Structures are given as C-alpha cells and as structure tokens.
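**Q** So that you have it, the file is my_file.txt, and it contains compact mmCIF, C-alpha atoms:
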```txt
# COMPACT_ATOMS: atom_id res chain seq x y z
CA MET A 11 160.29 13.46 65.92
CA LYS A 12 159.31 12.29 62.46
CA VAL A 13 159.23 14.60 59.46
CA SER A 14 157.57 13.27 56.29
CA ILE A 15 158.41 15.16 53.10
CA LEU A 16 156.25 14.95 49.97
CA GLN A 17 157.79 14.37 46.57
CA PHE A 18 155.89 15.05 43.34
CA PRO A 19 157.34 14.79 39.83
CA GLY A 20 159.23 18.10 39.59
CA THR A 21 159.78 18.63 43.32
CA ASN A 22 163.43 19.63 43.79
CA CYS A 23 163.86 20.75 47.40
CA GLU A 24 162.98 17.48 49.12
CA TYR A 25 166.61 16.46 49.74
CA ASP A 26 167.65 19.93 51.01
CA THR A 27 164.67 19.83 53.35
CA GLN A 28 165.54 16.31 54.48
CA HIS A 29 169.17 17.29 55.07
CA ALA A 30 168.16 20.34 57.11
CA PHE A 31 165.77 18.43 59.37
CA LYS A 32 168.24 15.55 59.76
CA GLU A 33 170.90 18.02 60.92
CA LEU A 34 168.44 19.08 63.63
CA GLY A 35 168.06 15.48 64.77
CA ALA A 36 164.72 14.60 63.22
CA GLU A 37 163.89 11.28 61.64
CA THR A 38 162.86 11.90 58.02
CA GLU A 39 161.11 10.08 55.23
CA ILE A 40 160.40 11.10 51.66
CA ILE A 41 156.90 10.18 50.48
CA TRP A 42 156.27 9.66 46.75
CA HIS A 43 153.08 11.36 45.60
CA LYS A 44 151.48 8.06 44.49
CA SER A 45 151.31 6.88 48.08
CA GLU A 46 147.77 6.94 49.39
CA THR A 47 148.88 7.17 52.99
CA ILE A 48 151.43 9.07 55.01
CA PRO A 49 153.42 7.40 57.82
CA ALA A 50 151.27 7.10 60.94
CA ASP A 51 154.09 8.39 63.18
CA THR A 52 154.42 11.67 61.22
CA ASN A 53 154.77 14.71 63.50
CA LEU A 54 155.35 17.23 60.74
CA LEU A 55 154.36 16.88 57.10
CA VAL A 56 156.31 19.05 54.66
CA VAL A 57 155.27 19.88 51.12
CA ALA A 58 158.69 20.76 49.73
CA GLY A 59 159.60 23.33 47.08
CA GLY A 60 160.22 22.84 43.38
CA PHE A 61 158.13 22.79 40.23
CA SER A 62 155.60 20.01 40.69
CA TYR A 63 154.22 18.96 37.30
CA GLY A 64 156.32 21.64 35.64
CA ASP A 65 153.98 24.33 37.03
CA TYR A 66 151.61 23.37 34.18
CA LEU A 67 148.25 25.16 34.19
CA ARG A 68 149.14 26.98 37.46
CA SER A 69 151.79 26.33 40.11
CA GLY A 70 150.55 23.55 42.37
CA ALA A 71 147.27 23.07 40.44
CA ILE A 72 147.94 19.51 39.26
CA ALA A 73 149.90 18.27 42.29
CA ARG A 74 146.88 19.03 44.41
CA PHE A 75 145.10 16.06 42.76
CA SER A 76 147.89 13.54 43.38
CA PRO A 77 146.81 10.46 45.35
CA VAL A 78 148.78 11.50 48.45
CA MET A 79 146.87 14.78 48.77
CA LYS A 80 143.75 13.06 50.10
CA ALA A 81 145.84 11.76 52.98
CA VAL A 82 147.40 15.21 53.45
CA ILE A 83 144.00 16.88 53.65
CA ALA A 84 142.76 14.25 56.13
CA TYR A 85 145.95 14.68 58.19
CA ALA A 86 145.49 18.46 58.28
CA LYS A 87 141.77 18.23 59.12
CA ASN A 88 142.77 15.97 62.01
CA GLY A 89 144.99 18.70 63.41
CA GLY A 90 148.29 17.37 61.99
CA LYS A 91 151.04 19.95 61.42
CA VAL A 92 151.55 20.72 57.71
CA LEU A 93 154.25 23.01 56.33
CA GLY A 94 154.38 24.15 52.69
CA ILE A 95 157.55 25.78 51.42
CA CYS A 96 157.48 27.72 48.13
CA ASN A 97 155.81 25.34 45.63
CA GLY A 98 154.45 23.58 48.73
CA PHE A 99 152.71 26.84 49.70
CA GLN A 100 151.22 27.01 46.19
CA VAL A 101 150.01 23.39 46.44
CA LEU A 102 148.36 24.07 49.82
CA THR A 103 146.50 27.15 48.53
CA GLU A 104 145.34 25.21 45.44
CA ALA A 105 144.17 22.40 47.74
CA GLY A 106 142.15 24.87 49.79
CA LEU A 107 144.14 24.17 52.97
CA LEU A 108 145.36 27.78 53.01
CA PRO A 109 143.47 30.93 51.96
CA GLY A 110 144.45 33.08 48.97
CA ALA A 111 146.45 32.31 45.85
CA LEU A 112 149.94 32.94 44.45
CA LYS A 113 150.20 34.96 41.26
CA ARG A 114 153.10 35.69 38.91
CA ASN A 115 155.60 38.14 40.50
CA GLU A 116 154.59 41.69 39.75
CA ASN A 117 157.81 42.43 37.82
CA LEU A 118 157.41 39.11 35.94
CA HIS A 119 160.95 38.05 36.92
CA PHE A 120 162.01 34.86 38.66
CA ILE A 121 163.49 36.23 41.88
CA SER A 122 166.29 34.33 43.59
CA LYS A 123 168.07 36.10 46.43
CA HIS A 124 168.34 36.43 50.19
CA HIS A 125 165.53 38.52 51.64
CA HIS A 126 164.66 39.81 55.09
CA LEU A 127 161.40 38.79 56.71
CA LYS A 128 159.67 40.08 59.79
CA VAL A 129 157.85 37.80 62.21
CA ILE A 130 154.32 39.23 62.44
CA ASN A 131 152.58 36.66 64.65
CA ASN A 132 154.25 34.06 66.81
CA ASP A 133 151.15 32.84 68.64
CA ASN A 134 151.20 29.57 66.67
CA VAL A 135 153.07 26.27 66.83
CA PHE A 136 155.34 27.22 63.93
CA LEU A 137 156.93 30.49 65.02
CA GLU A 138 156.50 30.45 68.80
CA LYS A 139 160.27 30.21 69.25
CA LEU A 140 160.80 33.49 67.39
CA GLU A 141 160.10 36.98 68.75
CA ASN A 142 157.36 39.09 67.17
CA ASN A 143 158.89 41.84 64.99
CA SER A 144 162.24 40.04 64.85
CA VAL A 145 163.86 40.03 61.41
CA VAL A 146 165.37 36.96 59.75
CA ASN A 147 167.35 36.59 56.55
CA ILE A 148 166.08 33.72 54.39
CA PRO A 149 166.45 33.08 50.63
CA ILE A 150 163.53 33.38 48.24
CA ALA A 151 163.46 31.68 44.83
CA HIS A 152 160.19 31.91 42.96
CA HIS A 153 158.34 33.13 39.89
CA ASP A 154 154.84 32.91 41.35
CA GLY A 155 155.15 34.33 44.85
CA ASN A 156 152.84 37.29 44.57
CA TYR A 157 150.33 36.46 47.30
CA PHE A 158 146.77 37.57 46.57
CA ILE A 159 143.69 37.61 48.74
CA ASP A 160 140.62 39.84 48.46
CA SER A 161 140.00 42.56 51.03
CA ASP A 162 137.50 40.51 53.06
CA GLY A 163 139.97 37.63 53.18
CA LEU A 164 142.76 39.97 54.20
CA GLN A 165 140.69 41.36 57.04
CA GLU A 166 140.00 37.84 58.24
CA LEU A 167 143.72 36.96 58.11
CA GLU A 168 144.55 40.06 60.12
CA SER A 169 141.91 39.57 62.78
CA ASN A 170 142.83 35.89 63.29
CA ASN A 171 146.59 36.59 63.39
CA GLN A 172 147.11 34.35 60.35
CA ILE A 173 149.77 36.52 58.70
CA LEU A 174 153.01 35.04 60.05
CA LEU A 175 155.72 36.62 57.91
CA LYS A 176 156.13 39.74 55.78
CA TYR A 177 158.92 40.80 53.43
CA THR A 178 160.97 43.67 54.86
CA ASP A 179 164.43 45.20 54.79
CA ALA A 180 167.06 44.48 57.46
CA ASN A 181 165.44 47.05 59.77
CA GLY A 182 162.02 45.49 59.57
CA GLU A 183 160.60 48.17 57.26
CA ILE A 184 158.30 46.78 54.56
CA ARG A 185 160.13 45.98 51.33
CA ASN A 186 158.05 44.04 48.86
CA PRO A 187 159.96 42.02 46.25
CA ASN A 188 157.06 40.47 44.32
CA GLY A 189 153.89 42.54 44.68
CA SER A 190 152.33 40.43 47.46
CA VAL A 191 149.26 41.91 49.13
CA GLU A 192 150.51 43.65 52.30
CA SER A 193 153.99 42.26 51.55
CA ILE A 194 152.86 38.87 52.87
CA ALA A 195 155.48 36.09 52.75
CA GLY A 196 153.71 33.42 54.81
CA VAL A 197 150.24 32.66 56.22
CA CYS A 198 148.63 29.93 58.26
CA ASN A 199 145.09 28.55 58.32
CA LYS A 200 142.46 29.48 60.88
CA ASP A 201 143.27 26.47 63.07
CA LYS A 202 146.98 27.37 62.90
CA ASN A 203 148.18 23.88 62.05
CA VAL A 204 148.89 24.54 58.35
CA PHE A 205 151.59 27.05 57.42
CA GLY A 206 152.76 28.10 53.98
CA LEU A 207 155.64 30.41 53.12
CA MET A 208 157.42 31.34 49.90
CA PRO A 209 160.95 31.73 51.42
CA HIS A 210 163.19 28.69 51.89
CA PRO A 211 164.32 28.32 55.54
CA GLU A 212 165.94 24.97 54.65
CA ARG A 213 168.44 26.94 52.54
CA ALA A 214 169.50 29.12 55.47
CA MET A 215 171.14 26.53 57.70
CA GLU A 216 174.84 27.54 57.63
CA LEU A 217 176.54 30.92 57.88
CA ILE A 218 178.99 29.90 55.19
CA LEU A 219 176.02 29.73 52.80
CA GLY A 220 174.86 33.24 53.70
CA SER A 221 172.60 32.78 56.72
CA ASP A 222 171.73 30.34 59.46
CA ASP A 223 168.47 32.03 60.39
CA GLY A 224 166.61 28.98 59.11
CA VAL A 225 167.89 26.88 62.02
CA ALA A 226 165.75 28.56 64.68
CA MET A 227 162.76 28.53 62.35
CA LEU A 228 163.07 24.84 61.54
CA GLN A 229 163.69 23.99 65.21
CA GLY A 230 160.39 25.71 65.96
CA PHE A 231 158.63 23.54 63.39
CA LEU A 232 159.96 20.44 65.19
CA LYS A 233 158.52 21.35 68.59
CA MET B 20 131.24 15.64 19.39
CA ILE B 21 131.24 19.07 20.99
CA LYS B 22 134.22 21.35 21.21
CA ALA B 23 134.42 23.50 24.33
CA ILE B 24 136.58 26.60 24.33
CA VAL B 25 137.45 27.78 27.82
CA ASN B 26 138.95 31.22 28.32
CA VAL B 27 140.56 31.81 31.70
CA SER B 28 141.72 35.26 32.77
CA LEU B 29 142.50 37.13 35.96
CA LYS B 30 139.45 38.69 37.60
CA ALA B 31 138.76 42.37 37.09
CA GLY B 32 140.45 44.09 40.00
CA VAL B 33 143.29 41.58 40.19
CA LEU B 34 146.41 43.24 38.78
CA ASP B 35 147.48 41.58 35.54
CA SER B 36 151.24 42.23 35.33
CA GLN B 37 151.60 40.35 32.04
CA GLY B 38 148.81 42.42 30.50
CA LYS B 39 150.54 45.57 31.73
CA ALA B 40 153.87 44.50 30.22
CA VAL B 41 152.23 43.72 26.87
CA HIS B 42 150.42 47.07 26.96
CA HIS B 43 153.73 48.80 27.57
CA ALA B 44 155.33 46.94 24.65
CA LEU B 45 152.44 47.93 22.35
CA ASP B 46 152.93 51.54 23.41
CA SER B 47 156.61 51.38 22.53
CA LEU B 48 155.64 50.03 19.10
CA HIS B 49 153.46 53.15 18.70
CA PHE B 50 150.17 51.24 18.71
CA ASN B 51 148.32 54.10 20.33
CA GLY B 52 144.73 53.95 21.40
CA VAL B 53 144.96 50.68 23.32
CA ASN B 54 143.08 51.25 26.54
CA ASP B 55 143.75 48.07 28.44
CA VAL B 56 145.37 44.67 27.88
CA ARG B 57 144.49 41.50 29.76
CA VAL B 58 146.41 38.25 29.16
CA GLY B 59 144.67 34.95 29.73
CA LYS B 60 144.81 31.39 28.54
CA GLN B 61 142.60 29.31 26.29
CA ILE B 62 141.91 25.62 26.89
CA ILE B 63 140.22 23.67 24.12
CA LEU B 64 138.41 20.45 24.99
CA LYS B 65 136.89 17.90 22.65
CA LEU B 66 134.01 16.14 24.39
CA ASP B 67 132.36 12.82 23.57
CA THR B 68 128.86 14.08 24.17
CA ASP B 69 126.53 15.77 21.67
CA ASN B 70 124.33 17.19 24.41
CA LYS B 71 125.12 20.85 24.99
CA GLU B 72 123.58 20.93 28.43
CA THR B 73 125.67 17.96 29.62
CA ALA B 74 128.74 19.52 28.04
CA MET B 75 128.15 22.86 29.74
CA ASN B 76 127.59 21.19 33.13
CA ASP B 77 130.70 19.05 32.80
CA VAL B 78 132.97 21.85 31.65
CA THR B 79 131.68 24.18 34.37
CA LYS B 80 132.63 21.54 36.94
CA MET B 81 136.07 21.17 35.32
CA CYS B 82 136.59 24.92 35.53
CA GLU B 83 135.54 25.10 39.17
CA GLU B 84 137.71 22.15 40.20
CA LEU B 85 140.81 22.51 38.06
CA LEU B 86 140.90 24.71 34.98
CA ALA B 87 140.53 28.01 36.83
CA ASN B 88 141.53 29.14 40.30
CA THR B 89 138.40 31.06 41.20
CA VAL B 90 140.22 32.94 43.96
CA ILE B 91 141.94 35.01 41.26
CA GLU B 92 140.53 33.93 37.91
CA ASP B 93 137.27 34.10 35.92
CA TYR B 94 136.37 31.68 33.15
CA GLU B 95 134.12 31.76 30.10
CA ILE B 96 132.92 28.67 28.26
CA GLU B 97 131.96 28.59 24.61
CA LEU B 98 130.54 25.44 22.99
CA VAL B 99 130.94 24.93 19.23
```
Mind turning the file's structure into structure tokens?

**A**
Amino acid sequence: MKVSILQFPGTNCEYDTQHAFKELGAETEIIWHKSETIPADTNLLVVAGGFSYGDYLRSGAIARFSPVMKAVIAYAKNGGKVLGICNGFQVLTEAGLLPGALKRNENLHFISKHHHLKVINNDNVFLEKLENNSVVNIPIAHHDGNYFIDSDGLQELESNNQILLKYTDANGEIRNPNGSVESIAGVCNKDKNVFGLMPHPERAMELILGSDDGVAMLQGFLK
Amino acid sequence: MIKAIVNVSLKAGVLDSQGKAVHHALDSLHFNGVNDVRVGKQIILKLDTDNKETAMNDVTKMCEELLANTVIEDYEIELV
C-alpha cells in the first residue's frame, strides 16, 4: 500500500500524516509540489494540512495552480483515491475536485481543539469500516473551516450521500463549531473517490495524545 | 497602461462574519444609522495594454480562474 503525500510551501502536516500512515504499515512518499507527476504505484494520494502559500488570497487558492495539481486532477479523474485534510480540503474545493467552499469561521477565531464527529454516510471507500451514526473524537485546527454550499448544491450532496461527517457532541447531537452549512465537517465527490475533511485524523493516533479514533479512520483509507 | 481595480466580496446571501463584527464595533462606537457592513478585498493590477476591451476580457478571466472564488464571492472590475 503506497501513500503519496503532497507538500506545498507552507504545508505543515505532511510529516504527521506520514508518521501516522507508516505506523499503520503503509509505504509513504512525500511529493514536492513542483513535481509534475505522482508515483505510479500510489494507492492513496493525500493533500496534507497546513497553510500552503501562507493562505494568501484564499486558503488553497494558489496551491491549486502548483505543477503537481495537474497530475492530481488527472489521478482523481482516473478514479484514484484522493484525501484532503484541512488545508488539503480547501485546496481540493479550490481545484474543483470537491463541491462547495470553505469560509472564515463564523466566530472569526482560529479553532484548535478536539471535536466529536458523526459518521453520516459510510457507503464509500473512505468510511466503510466505520458504522453510520457512530461518533469519533478527532482534533480540528482551522481558521477557514466554515463549509459553504448553496441550497441546490446541498440537496445534491444529500441525495448522493456525499456528506460523510458532521460536527456533533459526544452523543451525536449536532454541535457546530464554525458555522458550517448543516454542520458539515467532510464531503466527498459524486464518484466517491475524493474526500475532504477539516478535522485531522492523523493527530488522533494515540490515547496518550487525547484520542486514537483516527486509527480506524486511517485504516479505512488504506483499504 | 491601464489600471484595473478589482473588488471581491462575498455574495449577497452568504453570511459575512467579518462585516458583522465590524458593524458591531461601529455600533459600540455609537456610529448609529449604519444599516449593513460588507468586508471585501481590493486587488489593483497594472496592465501592459491600452485596449480597454482586451483589459476587461483578461481581468474577467483572471477573476474567474483565480482572483475570486465564484462559489462564494462576486467581483467587480473598474478600469482607469
């Protein structure tokens, strides 16, 4: 199993992500954004978190034009599995690989804390190992995590089961930290091979660090 | 040379939290009578061309591809 992880100037979660996937037995490689190709044996391509290009203009707006993104778009269009975490989610929406956009958090604060999430749809390659309506505890750390999509887009997401995760409390009741439409924390594309989420499962790998709920999630991504 | 002034702001109907916060601050400074505040950004471009039509076409393309995210933002272009 080969996981390729993108690195832009300003990415800062690539080594955490690499460590987490290595712990689960995957082979990993970090891909600098100037590369025009991604390794041919890639099974999962991860756009890691951070602040690519200092979030200039809009989060993810400039990274989306890096040379490597052409290869990423071709990989995704070919059915390759692409995962965007946090800034990676923002890059994928800017690149048009995922619907919607991420706005400044409603309370204007950078939010960094553990948060509960509910699995909304597991009929996809990413979350099929998790039960629908199960609740996981995963850290969030973002300033622009306020997911927006217009009402037509939202209807489409709902009818195609593209909403994968929502922010909740420990009991699975909606609790919205950032103003996201419908408390959405993660969505996938129509073909269900591209998944973006604001929370950081790679930071929830050991109980001693607050939660190991990321393990099952990341294992699912490796299937 | 033509100067293009691009104003980018959140679409009507998309909640502008920064605008709301600024509005609140104006209220606390007793600037009454402010109905609504929207915060946006201004991008100023100096273009080589002298042809306004070319300039408008080019800048519109720039806005659609990069300067604005048309999922949530509107843009206005002024040429001077």

**Q** For a quick check of understanding, using only C-alpha atoms, which of B:Val53, B:Ala31, B:Met20, B:Leu64 has the smallest distance to B:Leu86?

**A**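 Of B:Val53, B:Ala31, B:Met20, B:Leu64, the one nearest B:Leu86 is B:Leu64, counting only C-alpha atoms.
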
**Q** Find the residues around stretch 93-103 of chain A up to 7 Å (only C-alpha atoms counted), leave out those fewer than 3 positions away in its own chain, and share them as a VMD selection string.

**A** chain A and resid 55 to 61 69 to 71 73 to 74 106 to 112 204 to 210

**Q** I'd like the interatomic distance between atom CA of A:Glu24 and atom CA of A:Ile40, to a tenth of an Å.

**A**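 Going from atom CA of A:Glu24 over to atom CA of A:Ile40, I get 7.3 Å.
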
**Q** Work out how far apart atom CA of B:Val41 and atom CA of B:Val56 are and give it in Å to one decimal.

**A**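 Between atom CA of B:Val41 and atom CA of B:Val56 the gap is 7.0 Å.
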
**Q** Kindly provide, as a VMD selection string, the residues of chain B having any atom no farther than 7 Å from an atom of chain A, counting only C-alpha atoms.

**A** chain B and resid 36 85 90 to 91

**Q** Can you tell me, as lines of an AutoDock Vina configuration file, the centre and edge lengths (Å, one decimal) of the axis-aligned box enclosing all of stretch 193-210 of chain A's listed atoms after padding each side by 6 Å?

**A**
```
center_x = 152.8
center_y = 33.1
center_z = 56.5
size_x = 32.7
size_y = 30.4
size_z = 25.2
```
